>>> print(open('query_10.tsv').read())   # TSV, C-alpha atoms
chain	number	residue	atom	x	y	z
U	12	MET	CA	-0.90	17.48	9.87
U	13	ASN	CA	0.68	20.92	9.37
U	14	THR	CA	4.04	19.56	10.53
U	15	THR	CA	3.99	16.23	8.66
U	16	PRO	CA	7.55	15.64	7.36
U	17	LYS	CA	7.94	15.94	3.59
U	18	SER	CA	9.12	12.34	3.45
U	19	LEU	CA	5.70	11.15	4.67
U	20	ARG	CA	3.65	13.36	2.33
U	21	LEU	CA	2.21	12.29	-1.01
U	22	GLN	CA	4.58	13.71	-3.66
U	23	ILE	CA	2.70	15.04	-6.70
U	24	ALA	CA	4.93	16.12	-9.60
U	25	ILE	CA	3.59	18.57	-12.18
U	26	PHE	CA	5.05	18.01	-15.67
U	27	GLY	CA	4.46	19.47	-19.13
U	28	ARG	CA	5.85	21.64	-21.87
U	29	THR	CA	7.00	25.19	-21.23
U	30	ASN	CA	4.21	27.72	-20.95
U	31	VAL	CA	1.30	25.25	-20.72
U	32	GLY	CA	0.42	26.75	-17.34
U	33	LYS	CA	2.04	24.32	-14.89
U	34	SER	CA	2.78	27.05	-12.36
U	35	SER	CA	-0.72	28.45	-12.74
U	36	VAL	CA	-2.08	24.97	-12.06
U	37	LEU	CA	0.08	24.74	-8.92
U	38	ASN	CA	-1.23	28.11	-7.73
U	39	MET	CA	-4.79	26.96	-8.46
U	40	LEU	CA	-4.39	23.74	-6.46
U	41	ALA	CA	-2.60	25.51	-3.60
U	42	GLY	CA	-5.13	28.33	-3.51
U	43	GLN	CA	-2.30	30.88	-3.36
U	44	ASP	CA	0.51	32.33	-5.45
U	45	VAL	CA	3.26	29.78	-4.85
U	46	ALA	CA	5.01	29.91	-8.22
U	47	ILE	CA	5.79	32.86	-10.47
U	48	THR	CA	3.69	32.83	-13.62
U	49	SER	CA	4.48	34.57	-16.88
U	50	PRO	CA	3.70	34.20	-20.60
U	51	VAL	CA	7.48	34.08	-21.15
U	52	PRO	CA	8.56	30.44	-21.77
U	53	GLY	CA	10.97	29.00	-19.22
U	54	THR	CA	9.83	31.08	-16.23
U	55	THR	CA	10.14	28.04	-13.95
U	56	THR	CA	13.89	27.30	-13.92
U	57	ASP	CA	14.06	24.82	-11.05
U	58	VAL	CA	11.70	22.58	-9.16
U	59	VAL	CA	9.29	24.56	-6.96
U	60	GLU	CA	8.07	22.65	-3.90
U	61	LYS	CA	4.87	23.41	-2.03
U	62	SER	CA	3.84	21.42	1.06
U	63	MET	CA	0.19	21.75	2.01
U	64	GLU	CA	-2.89	19.95	3.32
U	65	LEU	CA	-5.04	19.02	0.35
U	66	LEU	CA	-8.16	17.93	2.16
U	67	PRO	CA	-9.59	15.32	2.07
U	68	VAL	CA	-6.49	13.77	0.43
U	69	GLY	CA	-4.19	14.75	3.30
U	70	PRO	CA	-0.63	16.09	3.50
U	71	VAL	CA	0.99	16.47	0.07
U	72	VAL	CA	3.98	18.08	-1.63
U	73	PHE	CA	3.48	19.57	-5.08
U	74	LEU	CA	6.61	19.58	-7.27
U	75	ASP	CA	6.39	22.11	-10.11
U	76	THR	CA	9.00	21.27	-12.77
U	77	ALA	CA	10.56	23.11	-15.69
U	78	GLY	CA	9.19	22.41	-19.16
U	79	LEU	CA	10.67	19.34	-20.81
U	80	ASP	CA	10.80	21.11	-24.18
U	81	ASP	CA	12.95	23.96	-22.83
U	82	ASN	CA	15.51	24.80	-25.54
U	83	SER	CA	17.14	27.72	-23.75
U	84	SER	CA	20.86	27.84	-22.92
U	85	LEU	CA	20.18	26.19	-19.55
U	86	GLY	CA	17.40	24.01	-20.88
U	87	GLU	CA	19.20	20.68	-20.69
U	88	LEU	CA	20.13	21.22	-17.05
U	89	ARG	CA	16.56	22.23	-16.20
U	90	LYS	CA	15.13	19.23	-18.07
U	91	GLU	CA	17.50	16.85	-16.33
U	92	ARG	CA	16.40	18.15	-12.93
U	93	ALA	CA	12.77	17.77	-13.97
U	94	ARG	CA	13.36	14.17	-15.12
U	95	ARG	CA	15.00	13.31	-11.80
U	96	ILE	CA	11.73	14.18	-10.06
U	97	PHE	CA	10.33	10.89	-11.41
U	98	ASP	CA	12.52	9.16	-8.83
U	99	ARG	CA	10.61	10.73	-5.95
U	100	ALA	CA	7.11	11.30	-7.36
U	101	ASP	CA	4.18	9.22	-6.12
U	102	VAL	CA	1.84	10.72	-8.71
U	103	ALA	CA	2.57	12.48	-12.02
U	104	LEU	CA	0.24	15.30	-13.09
U	105	LEU	CA	0.75	16.06	-16.79
U	106	VAL	CA	-0.53	19.48	-17.85
U	107	THR	CA	-1.31	19.89	-21.56
U	108	GLU	CA	-2.91	22.45	-23.80
U	109	PRO	CA	-6.04	21.59	-25.83
U	110	SER	CA	-4.12	21.62	-29.11
U	111	GLY	CA	-2.65	18.12	-29.10
U	112	TRP	CA	-0.26	15.43	-27.95
U	113	GLY	CA	3.40	15.36	-28.96
U	114	GLU	CA	6.85	14.02	-28.15
U	115	CYS	CA	7.05	15.85	-24.83
U	116	GLU	CA	3.80	14.32	-23.59
U	117	ASP	CA	4.89	10.90	-24.86
U	118	GLU	CA	8.15	11.17	-22.92
U	119	ILE	CA	6.36	12.07	-19.68
U	120	ALA	CA	3.72	9.35	-20.06
U	121	GLY	CA	6.40	6.80	-20.92
U	122	ALA	CA	8.54	7.74	-17.91
U	123	ALA	CA	5.53	7.48	-15.58
U	124	LYS	CA	4.69	4.04	-16.98
U	125	ALA	CA	8.30	2.86	-16.67
U	126	LYS	CA	8.38	3.97	-13.02
U	127	ASN	CA	4.89	2.56	-12.36
U	128	ILE	CA	3.71	6.01	-11.26
U	129	PRO	CA	-0.01	6.83	-11.58
U	130	LEU	CA	-0.51	9.46	-14.31
U	131	MET	CA	-3.17	12.16	-14.30
U	132	ILE	CA	-3.86	14.37	-17.33
U	133	LEU	CA	-5.03	17.95	-16.80
U	134	VAL	CA	-5.95	19.85	-19.97
U	135	ASN	CA	-5.42	23.55	-19.22
U	136	LYS	CA	-6.60	26.66	-21.10
U	137	THR	CA	-9.99	25.16	-21.98
U	138	ASP	CA	-11.39	28.69	-21.70
U	139	ILE	CA	-9.62	29.34	-25.00
U	140	SER	CA	-10.61	26.16	-26.84
U	141	ALA	CA	-11.91	22.66	-26.31
U	142	PRO	CA	-9.54	19.65	-26.52
U	143	SER	CA	-8.63	18.94	-30.15
U	144	PRO	CA	-9.64	15.68	-31.83
U	145	GLU	CA	-5.91	14.75	-31.94
U	146	LEU	CA	-5.55	15.12	-28.17
U	147	THR	CA	-8.80	13.27	-27.50
U	148	ALA	CA	-7.70	10.39	-29.73
U	149	ALA	CA	-4.23	10.20	-28.14
U	150	LEU	CA	-5.69	10.04	-24.65
U	151	LYS	CA	-8.28	7.44	-25.64
U	152	VAL	CA	-5.61	5.14	-27.14
U	153	ARG	CA	-3.66	5.34	-23.86
U	154	GLY	CA	-6.71	4.83	-21.68
U	155	LEU	CA	-6.28	8.22	-20.01
U	156	GLU	CA	-9.24	10.21	-18.74
U	157	PRO	CA	-8.44	13.96	-18.76
U	158	ILE	CA	-9.51	16.62	-16.30
U	159	LEU	CA	-10.50	19.84	-18.07
U	160	CYS	CA	-9.72	23.20	-16.51
U	161	SER	CA	-8.66	26.78	-16.90
U	162	ALA	CA	-6.23	27.72	-14.15
U	163	VAL	CA	-6.81	31.44	-14.73
U	164	ASP	CA	-10.61	31.28	-14.86
U	165	SER	CA	-11.89	31.62	-11.29
U	166	GLY	CA	-15.30	30.33	-12.32
U	167	ARG	CA	-13.86	26.98	-13.42
U	168	ARG	CA	-11.23	26.48	-10.72
U	169	GLU	CA	-13.45	24.92	-8.06
U	170	ALA	CA	-14.66	22.12	-10.32
U	171	ALA	CA	-11.13	21.38	-11.55
U	172	VAL	CA	-9.66	21.26	-8.02
U	173	ALA	CA	-12.49	18.98	-6.88
U	174	ALA	CA	-11.83	16.66	-9.84
U	175	VAL	CA	-8.09	16.50	-9.03
U	176	LYS	CA	-8.85	15.66	-5.38
U	177	GLU	CA	-11.33	12.96	-6.36
U	178	ARG	CA	-8.81	11.41	-8.77
U	179	LEU	CA	-6.06	11.51	-6.14
U	180	LEU	CA	-8.30	9.77	-3.63
U	181	ARG	CA	-8.83	6.99	-6.18
U	182	ILE	CA	-5.14	6.40	-6.82
U	183	THR	CA	-3.43	7.14	-3.50
U	184	SER	CA	-3.85	3.56	-2.34
U	185	ARG	CA	-1.59	2.50	-5.21
U	186	ALA	CA	0.97	5.16	-4.27
U	187	ALA	CA	1.05	4.21	-0.59
U	188	GLY	CA	3.95	2.34	1.00
U	189	ALA	CA	3.94	-1.37	1.67
U	190	HIS	CA	3.55	-0.76	5.40
U	191	ASP	CA	1.20	1.84	6.85
U	192	THR	CA	2.92	1.62	10.23
U	193	ILE	CA	6.51	1.66	11.40
U	194	ALA	CA	6.20	-0.63	14.41
U	195	GLY	CA	2.54	-0.55	15.45
U	196	ASP	CA	1.73	-3.78	13.62
U	197	ILE	CA	4.21	-5.92	15.56
U	198	VAL	CA	2.98	-5.02	19.06
U	199	ARG	CA	-0.48	-5.02	20.65
U	200	PRO	CA	-2.30	-2.16	22.41
U	201	GLY	CA	-1.25	-1.87	26.03
U	202	GLN	CA	2.13	-3.56	25.54
U	203	THR	CA	5.35	-1.85	26.64
U	204	VAL	CA	8.12	-1.11	24.14
U	205	VAL	CA	11.54	0.01	25.39
U	206	LEU	CA	13.38	2.54	23.22
U	207	ILE	CA	17.12	2.90	23.82
U	208	ILE	CA	18.19	6.34	22.62
U	209	PRO	CA	21.81	7.42	23.14
U	210	ILE	CA	22.30	11.16	23.64
U	211	ASP	CA	25.53	11.70	21.73
U	212	LYS	CA	27.11	14.32	19.47
U	213	GLU	CA	24.65	13.55	16.65
U	214	ALA	CA	21.57	14.15	18.82
U	215	PRO	CA	20.26	17.69	18.15
U	216	LYS	CA	20.36	19.91	21.23
U	217	GLY	CA	17.06	19.80	23.10
U	218	ARG	CA	15.54	17.23	20.72
U	219	ILE	CA	15.86	13.66	19.50
U	220	ILE	CA	16.20	12.71	15.86
U	221	LEU	CA	13.23	12.40	13.50
U	222	PRO	CA	13.10	8.57	13.10
U	223	GLN	CA	12.94	8.12	16.87
U	224	VAL	CA	10.14	10.68	17.16
U	225	GLN	CA	8.21	8.97	14.36
U	226	VAL	CA	8.54	5.54	15.99
U	227	MET	CA	7.27	6.91	19.31
U	228	ARG	CA	4.29	8.56	17.65
U	229	ASP	CA	3.51	5.39	15.67
U	230	LEU	CA	3.56	3.29	18.85
U	231	LEU	CA	1.31	5.77	20.67
U	232	ASP	CA	-1.10	5.83	17.73
U	233	HIS	CA	-1.43	2.04	18.06
U	234	GLY	CA	-1.97	2.03	21.81
U	235	ALA	CA	1.47	0.73	22.79
U	236	MET	CA	3.41	2.31	25.65
U	237	PRO	CA	6.95	3.42	24.80
U	238	LEU	CA	9.48	3.59	27.63
U	239	VAL	CA	12.46	5.73	26.64
U	240	CYS	CA	15.90	5.42	28.21
U	241	ARG	CA	19.59	5.90	27.47
U	242	GLU	CA	21.83	2.88	27.08
U	243	HIS	CA	23.27	3.10	30.60
U	244	GLU	CA	19.70	3.13	31.99
U	245	TYR	CA	18.52	0.09	30.02
U	246	LEU	CA	19.08	-2.57	32.68
U	247	ARG	CA	17.28	-0.46	35.29
U	248	ALA	CA	14.39	0.02	32.85
U	249	LEU	CA	14.07	-3.75	32.36
U	250	ALA	CA	14.22	-4.35	36.12
U	251	ALA	CA	11.46	-1.79	36.71
U	252	LEU	CA	9.01	-3.65	34.47
U	253	LYS	CA	6.79	-6.33	36.01
U	254	GLU	CA	6.92	-8.34	32.78
U	255	PRO	CA	9.31	-8.32	29.81
U	256	PRO	CA	8.65	-5.70	27.13
U	257	ALA	CA	6.95	-6.77	23.92
U	258	LEU	CA	9.78	-5.23	21.92
U	259	VAL	CA	13.06	-3.38	22.43
U	260	ILE	CA	14.26	-0.86	19.82
U	261	CYS	CA	17.67	0.79	19.88
U	262	ASP	CA	19.87	3.14	17.94
U	263	SER	CA	22.08	1.02	15.68
U	264	GLN	CA	25.33	2.18	17.23
U	265	VAL	CA	24.45	0.42	20.50
U	266	VAL	CA	22.91	-2.67	18.89
U	267	ASP	CA	25.55	-5.06	20.26
U	268	PHE	CA	24.95	-3.70	23.78
U	269	MET	CA	21.18	-4.15	23.40
U	270	VAL	CA	21.46	-7.71	22.08
U	271	GLY	CA	23.92	-8.65	24.83
U	272	ASN	CA	21.60	-7.41	27.57
U	273	THR	CA	18.18	-8.38	26.23
U	274	PRO	CA	16.72	-11.72	27.40
U	275	PRO	CA	16.68	-14.30	24.54
U	276	GLY	CA	12.87	-14.50	24.48
U	277	THR	CA	12.40	-10.72	24.08
U	278	PRO	CA	12.17	-9.47	20.45
U	279	CYS	CA	14.53	-6.62	19.64
U	280	THR	CA	15.46	-4.55	16.60
U	281	THR	CA	16.75	-1.10	15.62
U	282	PHE	CA	15.18	2.15	14.44
U	283	SER	CA	17.01	1.87	11.12
U	284	ILE	CA	15.76	-1.67	10.51
U	285	LEU	CA	12.20	-0.54	11.18
U	286	PHE	CA	12.64	2.22	8.61
U	287	ALA	CA	14.17	-0.25	6.17
U	288	ARG	CA	10.85	-2.10	6.28
U	289	PHE	CA	8.70	1.05	6.32
U	290	LYS	CA	10.47	2.92	3.53
U	291	GLY	CA	11.94	0.14	1.40
U	292	ASP	CA	12.24	-3.63	1.31
U	293	LEU	CA	13.81	-5.14	4.42
U	294	ALA	CA	14.32	-8.54	2.76
U	295	VAL	CA	16.42	-6.92	0.02
U	296	TYR	CA	18.42	-4.95	2.60
U	297	ALA	CA	18.98	-8.09	4.70
U	298	ALA	CA	20.23	-10.01	1.66
U	299	GLY	CA	22.47	-7.06	0.79
U	300	ALA	CA	23.96	-7.05	4.28
U	301	ALA	CA	25.12	-10.62	3.73
U	302	ALA	CA	27.45	-9.27	1.02
U	303	ILE	CA	29.48	-7.52	3.74
U	304	ARG	CA	31.03	-10.91	4.55
U	305	GLY	CA	32.46	-11.00	1.03
U	306	LEU	CA	34.14	-7.56	1.14
U	307	ARG	CA	37.90	-7.60	0.69
U	308	PRO	CA	40.52	-4.85	1.07
U	309	GLY	CA	40.42	-2.49	-1.91
U	310	ASP	CA	36.74	-3.09	-2.72
U	311	ARG	CA	34.56	-0.05	-3.43
U	312	VAL	CA	31.50	0.77	-1.33
U	313	ALA	CA	28.96	3.55	-2.01
U	314	VAL	CA	27.38	5.20	1.05
U	315	LEU	CA	24.14	7.02	0.18
U	316	GLU	CA	23.54	9.72	2.77
U	317	ALA	CA	20.22	11.50	2.19
U	318	CYS	CA	20.95	14.34	4.60
U	319	SER	CA	23.28	17.10	3.39
U	320	HIS	CA	24.95	17.83	6.71
U	321	HIS	CA	28.44	18.67	7.88
U	322	ALA	CA	30.20	15.55	9.14
U	323	ILE	CA	31.02	15.59	12.83
U	324	GLU	CA	33.75	13.81	14.76
U	325	ASP	CA	31.74	10.62	15.32
U	326	ASP	CA	29.51	10.80	12.22
U	327	ILE	CA	27.73	7.49	11.81
U	328	GLY	CA	27.83	7.33	8.00
U	329	ARG	CA	31.25	8.89	7.39
U	330	VAL	CA	33.27	7.77	10.39
U	331	LYS	CA	31.80	4.90	12.41
U	332	LEU	CA	30.24	2.79	9.66
U	333	PRO	CA	33.33	2.96	7.40
U	334	ARG	CA	35.49	1.95	10.37
U	335	TRP	CA	33.31	-1.07	11.14
U	336	LEU	CA	33.23	-2.09	7.48
U	337	LYS	CA	37.02	-1.93	7.23
U	338	GLU	CA	37.37	-4.02	10.38
U	339	THR	CA	35.00	-6.62	8.92
U	340	ALA	CA	36.81	-6.65	5.55
U	341	GLY	CA	40.20	-6.91	7.21
U	342	GLY	CA	41.70	-3.86	5.53
U	343	GLU	CA	41.12	-0.56	3.75
U	344	LEU	CA	38.07	-0.09	1.51
U	345	ARG	CA	37.41	2.60	-1.08
U	346	ILE	CA	34.31	4.25	0.36
U	347	ASP	CA	32.55	7.03	-1.58
U	348	THR	CA	29.83	9.09	0.12
U	349	PHE	CA	27.00	10.63	-1.90
U	350	SER	CA	24.96	13.31	-0.12
U	351	GLY	CA	21.41	14.56	-0.55
U	352	ARG	CA	19.86	13.28	-3.77
U	353	ASP	CA	23.18	12.70	-5.53
U	354	LEU	CA	23.73	9.11	-6.67
U	355	PRO	CA	26.75	7.28	-8.13
U	356	PRO	CA	27.03	7.97	-11.87
U	357	ASP	CA	28.32	4.41	-12.41
U	358	PRO	CA	26.89	2.20	-9.65
U	359	GLY	CA	28.25	-0.97	-11.25
U	360	VAL	CA	31.80	-0.26	-9.99
U	361	TYR	CA	30.76	-0.89	-6.39
U	362	LYS	CA	30.67	-4.17	-4.49
U	363	LEU	CA	28.00	-2.80	-2.14
U	364	ALA	CA	25.71	0.22	-1.72
U	365	ILE	CA	24.59	1.29	1.74
U	366	GLN	CA	21.58	3.61	2.06
U	367	CYS	CA	21.05	5.69	5.19
U	368	GLY	CA	17.87	5.26	7.20
U	369	GLY	CA	16.03	7.42	4.67
U	370	CYS	CA	13.94	9.44	7.10
U	371	MET	CA	14.22	12.46	4.75
U	372	LEU	CA	13.28	10.48	1.62
U	373	THR	CA	9.95	9.11	0.46
U	374	ARG	CA	9.38	5.39	0.03
U	375	THR	CA	9.18	5.98	-3.72
U	376	GLU	CA	12.71	7.43	-3.75
U	377	ILE	CA	14.09	4.60	-1.65
U	378	VAL	CA	12.48	1.94	-3.85
U	379	ASN	CA	13.85	3.65	-6.97
U	380	ARG	CA	17.34	3.66	-5.47
U	381	MET	CA	17.02	-0.01	-4.68
U	382	GLY	CA	15.86	-0.66	-8.24
U	383	LYS	CA	18.87	1.15	-9.72
U	384	ALA	CA	21.22	-0.92	-7.56
U	385	ALA	CA	19.47	-4.12	-8.68
U	386	LEU	CA	19.78	-3.16	-12.36
U	387	ALA	CA	23.51	-2.59	-11.83
U	388	GLY	CA	23.85	-5.94	-10.07
U	389	VAL	CA	25.00	-4.27	-6.85
U	390	PRO	CA	23.77	-5.55	-3.44
U	391	ILE	CA	22.19	-2.78	-1.39
U	392	THR	CA	21.58	-2.55	2.33
U	393	ASN	CA	21.06	0.27	4.83
U	394	TYR	CA	22.82	1.63	7.88
U	395	GLY	CA	20.95	-0.44	10.44
U	396	THR	CA	21.32	-3.78	8.71
U	397	ALA	CA	24.95	-3.09	7.79
U	398	ILE	CA	25.94	-2.08	11.31
U	399	SER	CA	24.15	-5.07	12.81
U	400	GLU	CA	25.96	-7.38	10.38
U	401	CYS	CA	29.32	-5.81	11.23
U	402	LYS	CA	28.55	-6.34	14.93
U	403	GLY	CA	27.53	-9.96	14.34
U	404	VAL	CA	23.95	-9.57	15.61
U	405	LEU	CA	21.88	-9.15	12.42
U	406	GLU	CA	20.03	-12.46	12.77
U	407	ARG	CA	18.77	-11.47	16.20
U	408	VAL	CA	17.52	-8.02	15.25
U	409	ILE	CA	15.70	-9.14	12.08
U	410	SER	CA	14.14	-12.16	13.81
U	411	PRO	CA	10.86	-10.25	14.31
U	412	PHE	CA	10.58	-10.26	10.48
U	413	PRO	CA	10.72	-13.89	9.21
U	414	GLY	CA	10.82	-12.97	5.52
U	415	ALA	CA	13.87	-10.78	5.98
U	416	LEU	CA	15.58	-13.42	8.10
U	417	ALA	CA	15.03	-16.05	5.40
U	418	ALA	CA	16.37	-13.70	2.69
U	419	TYR	CA	19.48	-13.01	4.78
U	420	ARG	CA	20.21	-16.67	5.39
U	421	ALA	CA	19.70	-17.51	1.71
U	422	ALA	CA	22.18	-14.79	0.67
U	423	LEU	CA	24.98	-15.82	3.04
U	424	PRO	CA	28.11	-17.14	1.32
U	425	VAL	CA	28.26	-20.92	1.17
U	426	LYS	CA	30.84	-22.25	3.59
U	427	THR	CA	33.49	-24.46	2.01
>>> encode(input="query_10.tsv", output="structure tokens")
Amino acid sequence: MNTTPKSLRLQIAIFGRTNVGKSSVLNMLAGQDVAITSPVPGTTTDVVEKSMELLPVGPVVFLDTAGLDDNSSLGELRKERARRIFDRADVALLVTEPSGWGECEDEIAGAAKAKNIPLMILVNKTDISAPSPELTAALKVRGLEPILCSAVDSGRREAAVAAVKERLLRITSRAAGAHDTIAGDIVRPGQTVVLIIPIDKEAPKGRIILPQVQVMRDLLDHGAMPLVCREHEYLRALAALKEPPALVICDSQVVDFMVGNTPPGTPCTTFSILFARFKGDLAVYAAGAAAIRGLRPGDRVAVLEACSHHAIEDDIGRVKLPRWLKETAGGELRIDTFSGRDLPPDPGVYKLAIQCGGCMLTRTEIVNRMGKAALAGVPITNYGTAISECKGVLERVISPFPGALAAYRAALPVKT
């Protein structure tokens, strides 16, 4: 578990006013000095991330945010960064002092409720005083059960950490993704799965990319037998098998080759489509892909690339996908690329949003992005579904998922 990717860890965001002891709480939970602590308000100026194994909860990332009542010269920028953490948090941990409940706490609780994020209350500094009647009443009205602690009192730390772990174990099932597996639920133990992995300019030297590694591990964990080959070895791989594979999975850029060479009765899909189901909502992405047929020259498309990397000659999101989209639309499109966690400030100006595979993002972040697109009335899809639609093979590669196939067909433009 020490090398579990951040995107597969439970993301626990620590919120609160300045100087309530958020960083001290992080250090207490981590069992080490992760964040700088000081009695000076505003010591935490940016989000501090700490990945760790919080047994028996499992792999987590703690996100220590700046105080939401920071009135310093950079306060608004710090508060905005803290608020953006709600888009990736699976659990919100609100740290308060015993003195009471105010606007800052109301804002945090309200944001957690709006995002449907489980909220935990940790009352710090109880070595100084007990929770006030005002705080107790505010929590009771909201149905919140606080955890009492003193992050600087070593004698009280163990009980507080144990209480946080117990509470997390109770709520993690609500924070989990819709699918616990990437592909292991669509094949049986002992079945063979062929993985077609091109080794091109985007493949890191000496390694293969993270989504492909995660799919292989998921298949192995479920007793399936992955057979890995490059595209020019695919036909030999099929011929070497005594019976057809239970599933074929390919990199999206060779999806038309895979479909053209896979027997009609053999299910096939792409890595990106599997991650669309694992990290988001494949039915929504499939319906969004149908909007590609309605693109016309001059339309605006937002490409959401989670990785902040330098584009290469054959970059999939910045070169190949835009080219295929333009060919499908029959002319030039206005394509804007947003990297990392940056999102369009005005999503409503776009005819379509296309999310990358999302291997570096949590499911919570992906779902929030999908929700923002829906609120703006913008169809959203992802790389794998978009490429497969551009290549004319989307129906085939989402056939293993009947709900997504139905959503795609329902969203197709009516022929006149």
>>> atom_distance(input="query_10.tsv", atom1="CA of Gly201 in chain U", atom2="CA of Pro255 in chain U")
12.9 Å
>>> closest_residue(input="query_10.tsv", among="U:Val205, U:Cys261, U:Val59, U:Gly69", to="Ala248 in chain U", atoms="all atoms listed in the file")
U:Val205
>>> residues_near_point(input="query_10.tsv", point="(-2.9, 26.0, -13.8)", cutoff="8 Å", atoms="only C-alpha atoms", output="ChimeraX atom specification")
/U:32-40,135,160-163
>>> residues_around(input="query_10.tsv", residues="Thr147 in chain U", least_positions_apart="3", cutoff="10 Å", atoms="all atoms listed in the file", output="list in words")
Pro109, Ser110, Gly111, Trp112, Ala141, Pro142, Ser143, Pro144, Leu150, Lys151, Val152, Leu155, Glu156 and Pro157 of chain U
>>> atom_distance(input="query_10.tsv", atom1="CA of Arg380 in chain U", atom2="CA of Asp267 in chain U")
28.4 Å
>>> residues_around(input="query_10.tsv", residues="range 369-379 of chain U", least_positions_apart="4", cutoff="10 Å", atoms="all atoms listed in the file", output="ChimeraX atom specification")
/U:16-22,96-101,126,128,186-189,220-223,225,283,286-292,315-318,351-352,383-385,393-394
>>> closest_residue(input="query_10.tsv", among="U:Gly341, U:Gly78, U:Gly234, U:Gly368", to="Phe26 in chain U", atoms="only C-alpha atoms")
U:Gly78
>>> residues_around(input="query_10.tsv", residues="range 403-415 of chain U", least_positions_apart="5", cutoff="10 Å", atoms="only C-alpha atoms", output="VMD selection string")
chain U and resid 197 258 to 261 266 to 267 269 to 271 275 277 to 281 284 to 285 288 292 to 298 300 to 301 339 395 to 398 420 to 421
>>> residues_around(input="query_10.tsv", residues="Leu231 in chain U", least_positions_apart="5", cutoff="12 Å", atoms="all atoms listed in the file", output="list in words")
Thr192, Ile193, Ala194, Gly195, Asp196, Val198, Arg199, Pro200, Gly201, Gln202, Thr203, Val204, Val224, Gln225, Val226, Met236, Pro237 and Leu238 of chain U
>>> atom_distance(input="query_10.tsv", atom1="CA of Leu66 in chain U", atom2="CA of Thr107 in chain U")
24.8 Å
>>> residues_around(input="query_10.tsv", residues="Leu133 in chain U", least_positions_apart="2", cutoff="6 Å", atoms="all atoms listed in the file", output="list of chain:residue names")
U:Val106, U:Pro157, U:Ile158, U:Leu159
>>> closest_residue(input="query_10.tsv", among="U:Val72, U:Leu332, U:Ala364, U:Ile23", to="Ala313 in chain U", atoms="all atoms listed in the file")
U:Ala364
>>> build_atoms(input="query_10.tsv", residues="range 122-135 of chain U", atoms="N, CA and C atoms", output="PDB file, keeping the file's coordinate frame")
ATOM      1  N   ALA U 122       7.749   7.784 -19.142  1.00  0.00           N
ATOM      2  CA  ALA U 122       8.540   7.740 -17.910  1.00  0.00           C
ATOM      3  C   ALA U 122       7.666   7.328 -16.725  1.00  0.00           C
ATOM      4  N   ALA U 123       6.446   7.851 -16.676  1.00  0.00           N
ATOM      5  CA  ALA U 123       5.530   7.480 -15.580  1.00  0.00           C
ATOM      6  C   ALA U 123       5.213   5.991 -15.634  1.00  0.00           C
ATOM      7  N   LYS U 124       4.998   5.468 -16.845  1.00  0.00           N
ATOM      8  CA  LYS U 124       4.690   4.040 -16.980  1.00  0.00           C
ATOM      9  C   LYS U 124       5.890   3.191 -16.578  1.00  0.00           C
ATOM     10  N   ALA U 125       7.093   3.610 -16.993  1.00  0.00           N
ATOM     11  CA  ALA U 125       8.300   2.860 -16.670  1.00  0.00           C
ATOM     12  C   ALA U 125       8.541   2.818 -15.159  1.00  0.00           C
ATOM     13  N   LYS U 126       8.185   3.896 -14.476  1.00  0.00           N
ATOM     14  CA  LYS U 126       8.380   3.970 -13.020  1.00  0.00           C
ATOM     15  C   LYS U 126       7.175   3.452 -12.250  1.00  0.00           C
ATOM     16  N   ASN U 127       6.130   3.042 -12.984  1.00  0.00           N
ATOM     17  CA  ASN U 127       4.890   2.560 -12.360  1.00  0.00           C
ATOM     18  C   ASN U 127       4.268   3.634 -11.473  1.00  0.00           C
ATOM     19  N   ILE U 128       4.284   4.877 -11.984  1.00  0.00           N
ATOM     20  CA  ILE U 128       3.710   6.010 -11.260  1.00  0.00           C
ATOM     21  C   ILE U 128       2.342   6.338 -11.855  1.00  0.00           C
ATOM     22  N   PRO U 129       1.300   6.445 -11.050  1.00  0.00           N
ATOM     23  CA  PRO U 129      -0.010   6.830 -11.580  1.00  0.00           C
ATOM     24  C   PRO U 129       0.085   8.173 -12.319  1.00  0.00           C
ATOM     25  N   LEU U 130      -0.556   8.258 -13.473  1.00  0.00           N
ATOM     26  CA  LEU U 130      -0.510   9.460 -14.310  1.00  0.00           C
ATOM     27  C   LEU U 130      -1.879  10.094 -14.416  1.00  0.00           C
ATOM     28  N   MET U 131      -1.938  11.390 -14.133  1.00  0.00           N
ATOM     29  CA  MET U 131      -3.170  12.160 -14.300  1.00  0.00           C
ATOM     30  C   MET U 131      -2.939  13.184 -15.407  1.00  0.00           C
ATOM     31  N   ILE U 132      -3.946  13.392 -16.242  1.00  0.00           N
ATOM     32  CA  ILE U 132      -3.860  14.370 -17.330  1.00  0.00           C
ATOM     33  C   ILE U 132      -4.789  15.539 -17.012  1.00  0.00           C
ATOM     34  N   LEU U 133      -4.225  16.746 -17.021  1.00  0.00           N
ATOM     35  CA  LEU U 133      -5.030  17.950 -16.800  1.00  0.00           C
ATOM     36  C   LEU U 133      -4.886  18.838 -18.035  1.00  0.00           C
ATOM     37  N   VAL U 134      -5.969  19.011 -18.765  1.00  0.00           N
ATOM     38  CA  VAL U 134      -5.950  19.850 -19.970  1.00  0.00           C
ATOM     39  C   VAL U 134      -6.274  21.275 -19.552  1.00  0.00           C
ATOM     40  N   ASN U 135      -5.285  22.151 -19.640  1.00  0.00           N
ATOM     41  CA  ASN U 135      -5.420  23.550 -19.220  1.00  0.00           C
ATOM     42  C   ASN U 135      -5.876  24.420 -20.399  1.00  0.00           C
TER      43      ASN U 135
END
